[in-house]
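I have placed the structure first, in the form of structure tokens, so that the comments after it can refer back to it.
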Amino acid sequence: MNNLEQKKLDVDIQIRSLQEDIVSGKIKADDAKKKFEELRSQKKDIEQQIALAKAPKDEVRSTADIQKALIEKRAITLSGTGAINQIRELAKELMAKTPILERVRYFYGPNASTNIPVLSPGLATPAVAAEGATSIAVDSTATLASKSITPHAYVSILPVSLETITMGTVNFDSELPSIFADAFAQAFHRGVLIGSGTGLDFKGIFNAIPSTNEIECAATGNPTIADLVQLALTVQDLTDNGVIVLAPSIYAGILADTTSGVADVYKEELIRAKTIENVRVILTSAAPSVLTAGSTVAVAGRLDDYGLGMASEIAIEPIKKVGDTNTYFQASVFANGTTIVDKNFYGLITK
């Protein structure tokens with residue numbers, strides 16, 4: 001193995017280690033993203049150097065034969081003799097981003113269940129007491145309970161042919177962690193947003209809004225900018241870390257609102273800063289976009305009031321079958337998620 005190939009192997013090992021650190025929680029997603037881009041850039045530079053080192057030298061040849069062929073109007077084609085450049089980096093289909101996973105609260109560890117203490121409702125508002133008072137009532141409002149997260153197995157199986165492993169140019173061993181991590185991230189992202197909360201499924205924030213926290217749109221159809229402002233003001237009164245989550249199609253419908261005046265100011269803020277009354281607006285295609293009456297089309301709240309429990313890192317096992325030349329790479333991870341305090345989330349409901 002030459003020096004360049006050794007450098008490329010070292011970078012692949014660092015990438016794999018970084019991916020494991022993300023899953024284990026040793027490094028934050030924002031820091032990991034920056035480091036990952038640096039490693040990818042290093043890997044690209046090294047592969048270009050390797051390709052240049054292996055490229056054949058240009059051959060100086062007489063043009064007499066070519067000139068003669070042109071005069072005789074004969075065709076000159078490669079006829080299968082052309083060089084083939086096989087790219088070693090695996091190209092993958094674009095997948096939807098998972099911005100919600102960067103903001104929720106994680107609980108790591110090989111635990112069968114995680115219990116989170118929750119004080120809800122909290123203390124009642126204290127009343128004034130006269131000097132020397134002896135009959136002040138004790139608080140009967142506050143309740144201490146717990147929210148439980150029970151991780152369940154998520155499994156993905158990728159069959160890879162013997163020919164791909166033996167004769168392919170792509171090093172699948174180094175690519176598999178990122179392939180499976182992307183797939184699991186998509187599943188968890190959708191679970192956090194729209195999980196039903198029944199059976200083994202995540203409990204998604206769009207399905208966890210208490211009826212007392214539902215804000216109905218002023219009119220039927222797509223919500224307007226005024227509806228979004230009302231939702232933003234509601235959560236802004238409670239926390240400085242609140243966000244609003246909605247689908248791009250709902251966002252586009254809000255921008256199509258023809259109301260003028262103050263609405264134009266809000267729309268300009270929304271377009272330029274992706275905020276409304278300084279509340280961050282997050283767009284994701286995983287959010288629901290159904291406009292039938294009673295549907296939740298936007299959710300506001302503090303995302304670290306959502307708990308995602310992971311009892312293990314992603315485990316990848318190569319499995320062989322008798323009489324089958326394929327290798328089945330089976331990836332598994334234990335995870336589950338739920339809202340910690342349902343009352344901390346508000347929903348915009350279609351009329």
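Ligands are numbered from 1 in the order shown, chains are lettered A, B, ... in the order of the structure tokens, and residues start at 1 in each chain.
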### Task
Among the residues of stretch 106-262 of chain A, find those DSSP assigns to strand (DSSP E) from the backbone and print them as a PyMOL selection string.
chain A and resi 106-108+114-119+144-149+152-160+214-216+243-246
### Task
Show which residues sit within 8 Å of stretch 5-12 of chain A, as a list in words. Count only C-alpha atoms, and ignore same-chain residues fewer than 4 positions away.
Met1, Arg16, Leu39, Gln42, Lys43, Ile46, Glu47, Ile50 and Ser174 of chain A
### Residues near A:Pro210, cut-off 12 Å, only C-alpha atoms, skip fewer than 3 positions along chain, as a PyMOL selection string
chain A and resi 205-207+213-215+296+299+339+341-349
Selection export as a PDB file, in the first residue's frame, atoms kept: N, CA and C atoms:
```pdb
ATOM      1  N   ILE A 205     -44.879  14.848  17.589  1.00  0.00           N
ATOM      2  CA  ILE A 205     -45.402  16.093  18.158  1.00  0.00           C
ATOM      3  C   ILE A 205     -46.707  16.527  17.488  1.00  0.00           C
ATOM      4  N   PHE A 206     -46.918  16.169  16.224  1.00  0.00           N
ATOM      5  CA  PHE A 206     -48.157  16.560  15.553  1.00  0.00           C
ATOM      6  C   PHE A 206     -49.348  15.752  16.065  1.00  0.00           C
ATOM      7  N   ASN A 207     -49.077  14.632  16.728  1.00  0.00           N
ATOM      8  CA  ASN A 207     -50.155  13.805  17.261  1.00  0.00           C
ATOM      9  C   ASN A 207     -50.238  13.875  18.786  1.00  0.00           C
ATOM     10  N   ASN A 213     -54.703  23.045  23.782  1.00  0.00           N
ATOM     11  CA  ASN A 213     -53.605  23.773  23.135  1.00  0.00           C
ATOM     12  C   ASN A 213     -53.801  23.899  21.626  1.00  0.00           C
ATOM     13  N   GLU A 214     -54.986  23.577  21.147  1.00  0.00           N
ATOM     14  CA  GLU A 214     -55.273  23.696  19.724  1.00  0.00           C
ATOM     15  C   GLU A 214     -55.737  25.109  19.380  1.00  0.00           C
ATOM     16  N   ILE A 215     -55.125  25.699  18.375  1.00  0.00           N
ATOM     17  CA  ILE A 215     -55.479  27.040  17.913  1.00  0.00           C
ATOM     18  C   ILE A 215     -56.099  26.904  16.529  1.00  0.00           C
ATOM     19  N   THR A 296     -53.908  19.090  11.964  1.00  0.00           N
ATOM     20  CA  THR A 296     -52.840  19.911  12.534  1.00  0.00           C
ATOM     21  C   THR A 296     -51.827  20.219  11.437  1.00  0.00           C
ATOM     22  N   VAL A 299     -46.950  23.083  14.269  1.00  0.00           N
ATOM     23  CA  VAL A 299     -46.770  22.846  15.702  1.00  0.00           C
ATOM     24  C   VAL A 299     -45.736  23.825  16.232  1.00  0.00           C
ATOM     25  N   THR A 339     -43.037  12.884  23.399  1.00  0.00           N
ATOM     26  CA  THR A 339     -43.057  14.204  24.019  1.00  0.00           C
ATOM     27  C   THR A 339     -42.940  14.032  25.526  1.00  0.00           C
ATOM     28  N   VAL A 341     -43.431  16.641  27.890  1.00  0.00           N
ATOM     29  CA  VAL A 341     -44.563  17.377  28.450  1.00  0.00           C
ATOM     30  C   VAL A 341     -45.466  17.802  27.293  1.00  0.00           C
ATOM     31  N   ASP A 342     -46.590  17.113  27.108  1.00  0.00           N
ATOM     32  CA  ASP A 342     -47.482  17.406  25.989  1.00  0.00           C
ATOM     33  C   ASP A 342     -47.967  18.858  25.999  1.00  0.00           C
ATOM     34  N   LYS A 343     -48.209  19.390  27.196  1.00  0.00           N
ATOM     35  CA  LYS A 343     -48.772  20.736  27.307  1.00  0.00           C
ATOM     36  C   LYS A 343     -47.822  21.830  26.833  1.00  0.00           C
ATOM     37  N   ASN A 344     -46.572  21.465  26.563  1.00  0.00           N
ATOM     38  CA  ASN A 344     -45.607  22.453  26.086  1.00  0.00           C
ATOM     39  C   ASN A 344     -45.648  22.624  24.570  1.00  0.00           C
ATOM     40  N   PHE A 345     -46.560  21.903  23.908  1.00  0.00           N
ATOM     41  CA  PHE A 345     -46.680  22.005  22.446  1.00  0.00           C
ATOM     42  C   PHE A 345     -48.067  22.516  22.060  1.00  0.00           C
ATOM     43  N   TYR A 346     -48.094  23.383  21.064  1.00  0.00           N
ATOM     44  CA  TYR A 346     -49.345  23.985  20.572  1.00  0.00           C
ATOM     45  C   TYR A 346     -49.475  23.687  19.081  1.00  0.00           C
ATOM     46  N   GLY A 347     -50.703  23.490  18.646  1.00  0.00           N
ATOM     47  CA  GLY A 347     -50.943  23.162  17.251  1.00  0.00           C
ATOM     48  C   GLY A 347     -51.896  24.108  16.571  1.00  0.00           C
ATOM     49  N   LEU A 348     -51.623  24.389  15.283  1.00  0.00           N
ATOM     50  CA  LEU A 348     -52.513  25.200  14.459  1.00  0.00           C
ATOM     51  C   LEU A 348     -53.417  24.238  13.699  1.00  0.00           C
ATOM     52  N   ILE A 349     -54.724  24.353  13.915  1.00  0.00           N
ATOM     53  CA  ILE A 349     -55.702  23.389  13.397  1.00  0.00           C
ATOM     54  C   ILE A 349     -56.540  24.028  12.281  1.00  0.00           C
TER      55      ILE A 349
END
```
### Message
Measuring between only C-alpha atoms, which one of A:Glu313, A:Asp240, A:Lys321, A:Gly122 shows the shortest distance to A:Lys26?
### Response
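With only C-alpha atoms as the atom set, the closest residue is A:Glu313.
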### Query
Can you list, as a list in words, every protein, DNA or RNA residue that comes within 10 Å of A:Phe188 when you count only C-alpha atoms, leaving out same-chain residues fewer than 2 positions away?
Thr98, Ile100, Leu101, Tyr154, Ala183, Phe184, Ala185, Gln186, Arg190, Gly191, Val192, Leu193, Ile194, Gly195, Asp201, Phe202, Gly204, Leu308, Ala335, Asn336 and Gly337 of chain A
### Task
Rank A:Lys35, A:Ile250, A:Gln19, A:Thr338 by their smallest atom-to-atom distance to A:Thr198, using only C-alpha atoms, and report the top residue only.
A:Thr338
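Distances to A:Gly221 were evaluated for A:Ile271, A:Val290, A:Ala208, A:Ile276 using only C-alpha atoms, and the minimum falls at A:Val290.
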### Task
Write out as number ranges by chain the residues lying within 8 Å of A:Ile254, counting only C-alpha atoms and excluding same-chain residues fewer than 2 positions away.
A: 222-225, 250-252, 256-257
### Task
Run DSSP on the backbone and give me the residues of stretch 62-301 of chain A it puts in helix (DSSP H, G or I), as a VMD selection string.
chain A and resid 64 to 71 99 to 102 162 to 167 172 to 194 205 to 207 211 to 213 225 to 236 248 to 255 262 to 273
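Between atom CA of A:Ser156 and atom CA of A:Gln330 lies a distance of 5.8 Å.
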A:Glu20 environment, 12 Å, only C-alpha atoms, sequence neighbours closer than 4 positions dropped, as a PDB file with all heavy atoms, in the first residue's frame:
```
ATOM      1  N   ILE A  13     -11.130   5.830   8.216  1.00  0.00           N
ATOM      2  CA  ILE A  13     -11.245   5.404   9.611  1.00  0.00           C
ATOM      3  C   ILE A  13     -11.746   6.561  10.475  1.00  0.00           C
ATOM      4  O   ILE A  13     -12.592   6.386  11.357  1.00  0.00           O
ATOM      5  CB  ILE A  13      -9.886   4.891  10.127  1.00  0.00           C
ATOM      6  CG1 ILE A  13      -9.507   3.582   9.401  1.00  0.00           C
ATOM      7  CG2 ILE A  13      -9.924   4.674  11.643  1.00  0.00           C
ATOM      8  CD1 ILE A  13      -8.117   3.084   9.718  1.00  0.00           C
ATOM      9  N   GLN A  14     -11.251   7.772  10.207  1.00  0.00           N
ATOM     10  CA  GLN A  14     -11.709   8.944  10.963  1.00  0.00           C
ATOM     11  C   GLN A  14     -13.186   9.220  10.718  1.00  0.00           C
ATOM     12  O   GLN A  14     -13.916   9.600  11.634  1.00  0.00           O
ATOM     13  CB  GLN A  14     -10.887  10.172  10.572  1.00  0.00           C
ATOM     14  CG  GLN A  14      -9.437  10.118  11.025  1.00  0.00           C
ATOM     15  CD  GLN A  14      -8.682  11.388  10.662  1.00  0.00           C
ATOM     16  OE1 GLN A  14      -9.057  12.475  11.103  1.00  0.00           O
ATOM     17  NE2 GLN A  14      -7.643  11.252   9.842  1.00  0.00           N
ATOM     18  N   ILE A  15     -13.642   9.052   9.460  1.00  0.00           N
ATOM     19  CA  ILE A  15     -15.050   9.257   9.131  1.00  0.00           C
ATOM     20  C   ILE A  15     -15.923   8.254   9.881  1.00  0.00           C
ATOM     21  O   ILE A  15     -16.954   8.601  10.460  1.00  0.00           O
ATOM     22  CB  ILE A  15     -15.286   9.149   7.615  1.00  0.00           C
ATOM     23  CG1 ILE A  15     -14.634  10.339   6.888  1.00  0.00           C
ATOM     24  CG2 ILE A  15     -16.773   9.100   7.287  1.00  0.00           C
ATOM     25  CD1 ILE A  15     -14.696  10.249   5.381  1.00  0.00           C
ATOM     26  N   ARG A  16     -15.478   6.987   9.880  1.00  0.00           N
ATOM     27  CA  ARG A  16     -16.252   5.959  10.579  1.00  0.00           C
ATOM     28  C   ARG A  16     -16.291   6.242  12.076  1.00  0.00           C
ATOM     29  O   ARG A  16     -17.340   6.127  12.726  1.00  0.00           O
ATOM     30  CB  ARG A  16     -15.630   4.582  10.329  1.00  0.00           C
ATOM     31  CG  ARG A  16     -16.401   3.446  10.986  1.00  0.00           C
ATOM     32  CD  ARG A  16     -15.718   2.118  10.787  1.00  0.00           C
ATOM     33  NE  ARG A  16     -15.559   1.784   9.389  1.00  0.00           N
ATOM     34  CZ  ARG A  16     -14.970   0.667   8.960  1.00  0.00           C
ATOM     35  NH1 ARG A  16     -14.495  -0.198   9.841  1.00  0.00           N
ATOM     36  NH2 ARG A  16     -14.843   0.430   7.677  1.00  0.00           N
ATOM     37  N   SER A  24     -23.236   7.830  19.491  1.00  0.00           N
ATOM     38  CA  SER A  24     -23.044   7.661  20.936  1.00  0.00           C
ATOM     39  C   SER A  24     -23.218   8.951  21.715  1.00  0.00           C
ATOM     40  O   SER A  24     -23.290   8.940  22.935  1.00  0.00           O
ATOM     41  CB  SER A  24     -21.655   7.089  21.207  1.00  0.00           C
ATOM     42  OG  SER A  24     -20.651   8.022  20.814  1.00  0.00           O
ATOM     43  N   GLY A  25     -23.295  10.087  21.021  1.00  0.00           N
ATOM     44  CA  GLY A  25     -23.488  11.363  21.688  1.00  0.00           C
ATOM     45  C   GLY A  25     -22.213  12.005  22.186  1.00  0.00           C
ATOM     46  O   GLY A  25     -22.254  12.984  22.936  1.00  0.00           O
ATOM     47  N   LYS A  26     -21.047  11.503  21.772  1.00  0.00           N
ATOM     48  CA  LYS A  26     -19.789  12.076  22.220  1.00  0.00           C
ATOM     49  C   LYS A  26     -19.509  13.428  21.588  1.00  0.00           C
ATOM     50  O   LYS A  26     -18.688  14.189  22.090  1.00  0.00           O
ATOM     51  CB  LYS A  26     -18.635  11.113  21.906  1.00  0.00           C
ATOM     52  CG  LYS A  26     -18.674   9.822  22.708  1.00  0.00           C
ATOM     53  CD  LYS A  26     -17.492   8.931  22.354  1.00  0.00           C
ATOM     54  CE  LYS A  26     -17.537   7.621  23.143  1.00  0.00           C
ATOM     55  NZ  LYS A  26     -16.412   6.726  22.778  1.00  0.00           N
ATOM     56  N   ILE A  27     -20.153  13.697  20.459  1.00  0.00           N
ATOM     57  CA  ILE A  27     -19.920  14.955  19.751  1.00  0.00           C
ATOM     58  C   ILE A  27     -21.251  15.508  19.274  1.00  0.00           C
ATOM     59  O   ILE A  27     -22.154  14.746  18.904  1.00  0.00           O
ATOM     60  CB  ILE A  27     -18.952  14.744  18.557  1.00  0.00           C
ATOM     61  CG1 ILE A  27     -18.596  16.074  17.909  1.00  0.00           C
ATOM     62  CG2 ILE A  27     -19.532  13.781  17.553  1.00  0.00           C
ATOM     63  CD1 ILE A  27     -17.492  15.955  16.880  1.00  0.00           C
ATOM     64  N   LYS A  28     -21.418  16.819  19.315  1.00  0.00           N
ATOM     65  CA  LYS A  28     -22.650  17.455  18.881  1.00  0.00           C
ATOM     66  C   LYS A  28     -22.763  17.408  17.363  1.00  0.00           C
ATOM     67  O   LYS A  28     -21.759  17.401  16.648  1.00  0.00           O
ATOM     68  CB  LYS A  28     -22.692  18.910  19.358  1.00  0.00           C
ATOM     69  CG  LYS A  28     -22.790  19.050  20.868  1.00  0.00           C
ATOM     70  CD  LYS A  28     -22.901  20.513  21.266  1.00  0.00           C
ATOM     71  CE  LYS A  28     -23.043  20.654  22.766  1.00  0.00           C
ATOM     72  NZ  LYS A  28     -23.141  22.073  23.168  1.00  0.00           N
ATOM     73  N   ALA A  29     -24.014  17.434  16.868  1.00  0.00           N
ATOM     74  CA  ALA A  29     -24.264  17.311  15.432  1.00  0.00           C
ATOM     75  C   ALA A  29     -23.627  18.457  14.657  1.00  0.00           C
ATOM     76  O   ALA A  29     -23.049  18.253  13.582  1.00  0.00           O
ATOM     77  CB  ALA A  29     -25.772  17.265  15.159  1.00  0.00           C
ATOM     78  N   ALA A  32     -19.891  17.912  14.514  1.00  0.00           N
ATOM     79  CA  ALA A  32     -19.604  16.754  13.670  1.00  0.00           C
ATOM     80  C   ALA A  32     -19.759  17.101  12.192  1.00  0.00           C
ATOM     81  O   ALA A  32     -18.993  16.628  11.345  1.00  0.00           O
ATOM     82  CB  ALA A  32     -20.524  15.593  14.042  1.00  0.00           C
ATOM     83  N   PRO A 177     -21.757   2.448   7.213  1.00  0.00           N
ATOM     84  CA  PRO A 177     -22.255   3.215   8.368  1.00  0.00           C
ATOM     85  C   PRO A 177     -23.056   4.450   7.981  1.00  0.00           C
ATOM     86  O   PRO A 177     -24.113   4.722   8.560  1.00  0.00           O
ATOM     87  CB  PRO A 177     -20.963   3.596   9.112  1.00  0.00           C
ATOM     88  CG  PRO A 177     -20.003   2.523   8.750  1.00  0.00           C
ATOM     89  CD  PRO A 177     -20.306   2.182   7.321  1.00  0.00           C
ATOM     90  N   SER A 178     -22.575   5.201   6.981  1.00  0.00           N
ATOM     91  CA  SER A 178     -23.303   6.413   6.580  1.00  0.00           C
ATOM     92  C   SER A 178     -24.592   6.061   5.848  1.00  0.00           C
ATOM     93  O   SER A 178     -25.606   6.756   5.985  1.00  0.00           O
ATOM     94  CB  SER A 178     -22.417   7.296   5.697  1.00  0.00           C
ATOM     95  OG  SER A 178     -22.100   6.651   4.475  1.00  0.00           O
ATOM     96  N   PHE A 180     -26.572   3.396   6.358  1.00  0.00           N
ATOM     97  CA  PHE A 180     -27.575   3.002   7.343  1.00  0.00           C
ATOM     98  C   PHE A 180     -27.940   4.158   8.271  1.00  0.00           C
ATOM     99  O   PHE A 180     -29.102   4.298   8.671  1.00  0.00           O
ATOM    100  CB  PHE A 180     -27.069   1.811   8.158  1.00  0.00           C
ATOM    101  CG  PHE A 180     -27.141   0.495   7.430  1.00  0.00           C
ATOM    102  CD1 PHE A 180     -25.996  -0.239   7.162  1.00  0.00           C
ATOM    103  CD2 PHE A 180     -28.356  -0.008   6.998  1.00  0.00           C
ATOM    104  CE1 PHE A 180     -26.053  -1.452   6.496  1.00  0.00           C
ATOM    105  CE2 PHE A 180     -28.428  -1.217   6.317  1.00  0.00           C
ATOM    106  CZ  PHE A 180     -27.275  -1.940   6.063  1.00  0.00           C
ATOM    107  N   ALA A 181     -26.962   5.005   8.627  1.00  0.00           N
ATOM    108  CA  ALA A 181     -27.252   6.144   9.500  1.00  0.00           C
ATOM    109  C   ALA A 181     -28.267   7.080   8.848  1.00  0.00           C
ATOM    110  O   ALA A 181     -29.188   7.574   9.510  1.00  0.00           O
ATOM    111  CB  ALA A 181     -25.963   6.903   9.821  1.00  0.00           C
ATOM    112  N   SER A 312     -28.696   1.744  22.047  1.00  0.00           N
ATOM    113  CA  SER A 312     -27.515   1.130  21.439  1.00  0.00           C
ATOM    114  C   SER A 312     -27.039   1.958  20.263  1.00  0.00           C
ATOM    115  O   SER A 312     -27.769   2.801  19.733  1.00  0.00           O
ATOM    116  CB  SER A 312     -27.832  -0.292  20.950  1.00  0.00           C
ATOM    117  OG  SER A 312     -28.708  -0.246  19.838  1.00  0.00           O
ATOM    118  N   GLU A 313     -25.792   1.714  19.855  1.00  0.00           N
ATOM    119  CA  GLU A 313     -25.292   2.274  18.616  1.00  0.00           C
ATOM    120  C   GLU A 313     -25.774   1.387  17.466  1.00  0.00           C
ATOM    121  O   GLU A 313     -26.311   0.299  17.680  1.00  0.00           O
ATOM    122  CB  GLU A 313     -23.762   2.317  18.635  1.00  0.00           C
ATOM    123  CG  GLU A 313     -23.189   3.194  19.732  1.00  0.00           C
ATOM    124  CD  GLU A 313     -21.674   3.200  19.724  1.00  0.00           C
ATOM    125  OE1 GLU A 313     -21.087   2.457  18.919  1.00  0.00           O
ATOM    126  OE2 GLU A 313     -21.088   3.937  20.518  1.00  0.00           O
ATOM    127  N   ILE A 314     -25.576   1.860  16.235  1.00  0.00           N
ATOM    128  CA  ILE A 314     -25.962   1.052  15.084  1.00  0.00           C
ATOM    129  C   ILE A 314     -25.001  -0.124  14.962  1.00  0.00           C
ATOM    130  O   ILE A 314     -23.785   0.060  14.870  1.00  0.00           O
ATOM    131  CB  ILE A 314     -25.942   1.883  13.787  1.00  0.00           C
ATOM    132  CG1 ILE A 314     -26.956   3.031  13.878  1.00  0.00           C
ATOM    133  CG2 ILE A 314     -26.248   1.003  12.576  1.00  0.00           C
ATOM    134  CD1 ILE A 314     -26.929   3.956  12.676  1.00  0.00           C
ATOM    135  N   ALA A 315     -25.554  -1.336  14.987  1.00  0.00           N
ATOM    136  CA  ALA A 315     -24.741  -2.549  14.830  1.00  0.00           C
ATOM    137  C   ALA A 315     -24.961  -3.100  13.424  1.00  0.00           C
ATOM    138  O   ALA A 315     -26.101  -3.265  12.986  1.00  0.00           O
ATOM    139  CB  ALA A 315     -25.144  -3.589  15.871  1.00  0.00           C
ATOM    140  N   ILE A 316     -23.873  -3.373  12.703  1.00  0.00           N
ATOM    141  CA  ILE A 316     -23.954  -3.885  11.332  1.00  0.00           C
ATOM    142  C   ILE A 316     -23.324  -5.265  11.292  1.00  0.00           C
ATOM    143  O   ILE A 316     -22.151  -5.442  11.641  1.00  0.00           O
ATOM    144  CB  ILE A 316     -23.241  -2.943  10.340  1.00  0.00           C
ATOM    145  CG1 ILE A 316     -23.830  -1.529  10.436  1.00  0.00           C
ATOM    146  CG2 ILE A 316     -23.357  -3.479   8.919  1.00  0.00           C
ATOM    147  CD1 ILE A 316     -23.109  -0.517   9.581  1.00  0.00           C
TER     148      ILE A 316
END
```
### Message
Neighbouring residues of A:Leu123 were defined as those with any atom within 8 Å, considering only C-alpha atoms; residues of the same chain fewer than 5 positions away were excluded. Please report them as a VMD selection string.
### Response
chain A and resid 139 141 to 142
### Task
Name the closest residue to A:Ala263 among the candidates A:Ile209, A:Pro126, A:Glu216, A:Asp227; distances are taken between atoms, counting only C-alpha atoms.
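Looking at the shortest contact to A:Ala263, the residue is A:Asp227.
Between atom CA of A:Glu175 and atom CA of A:Val104 the interatomic distance comes to 26.6 Å.
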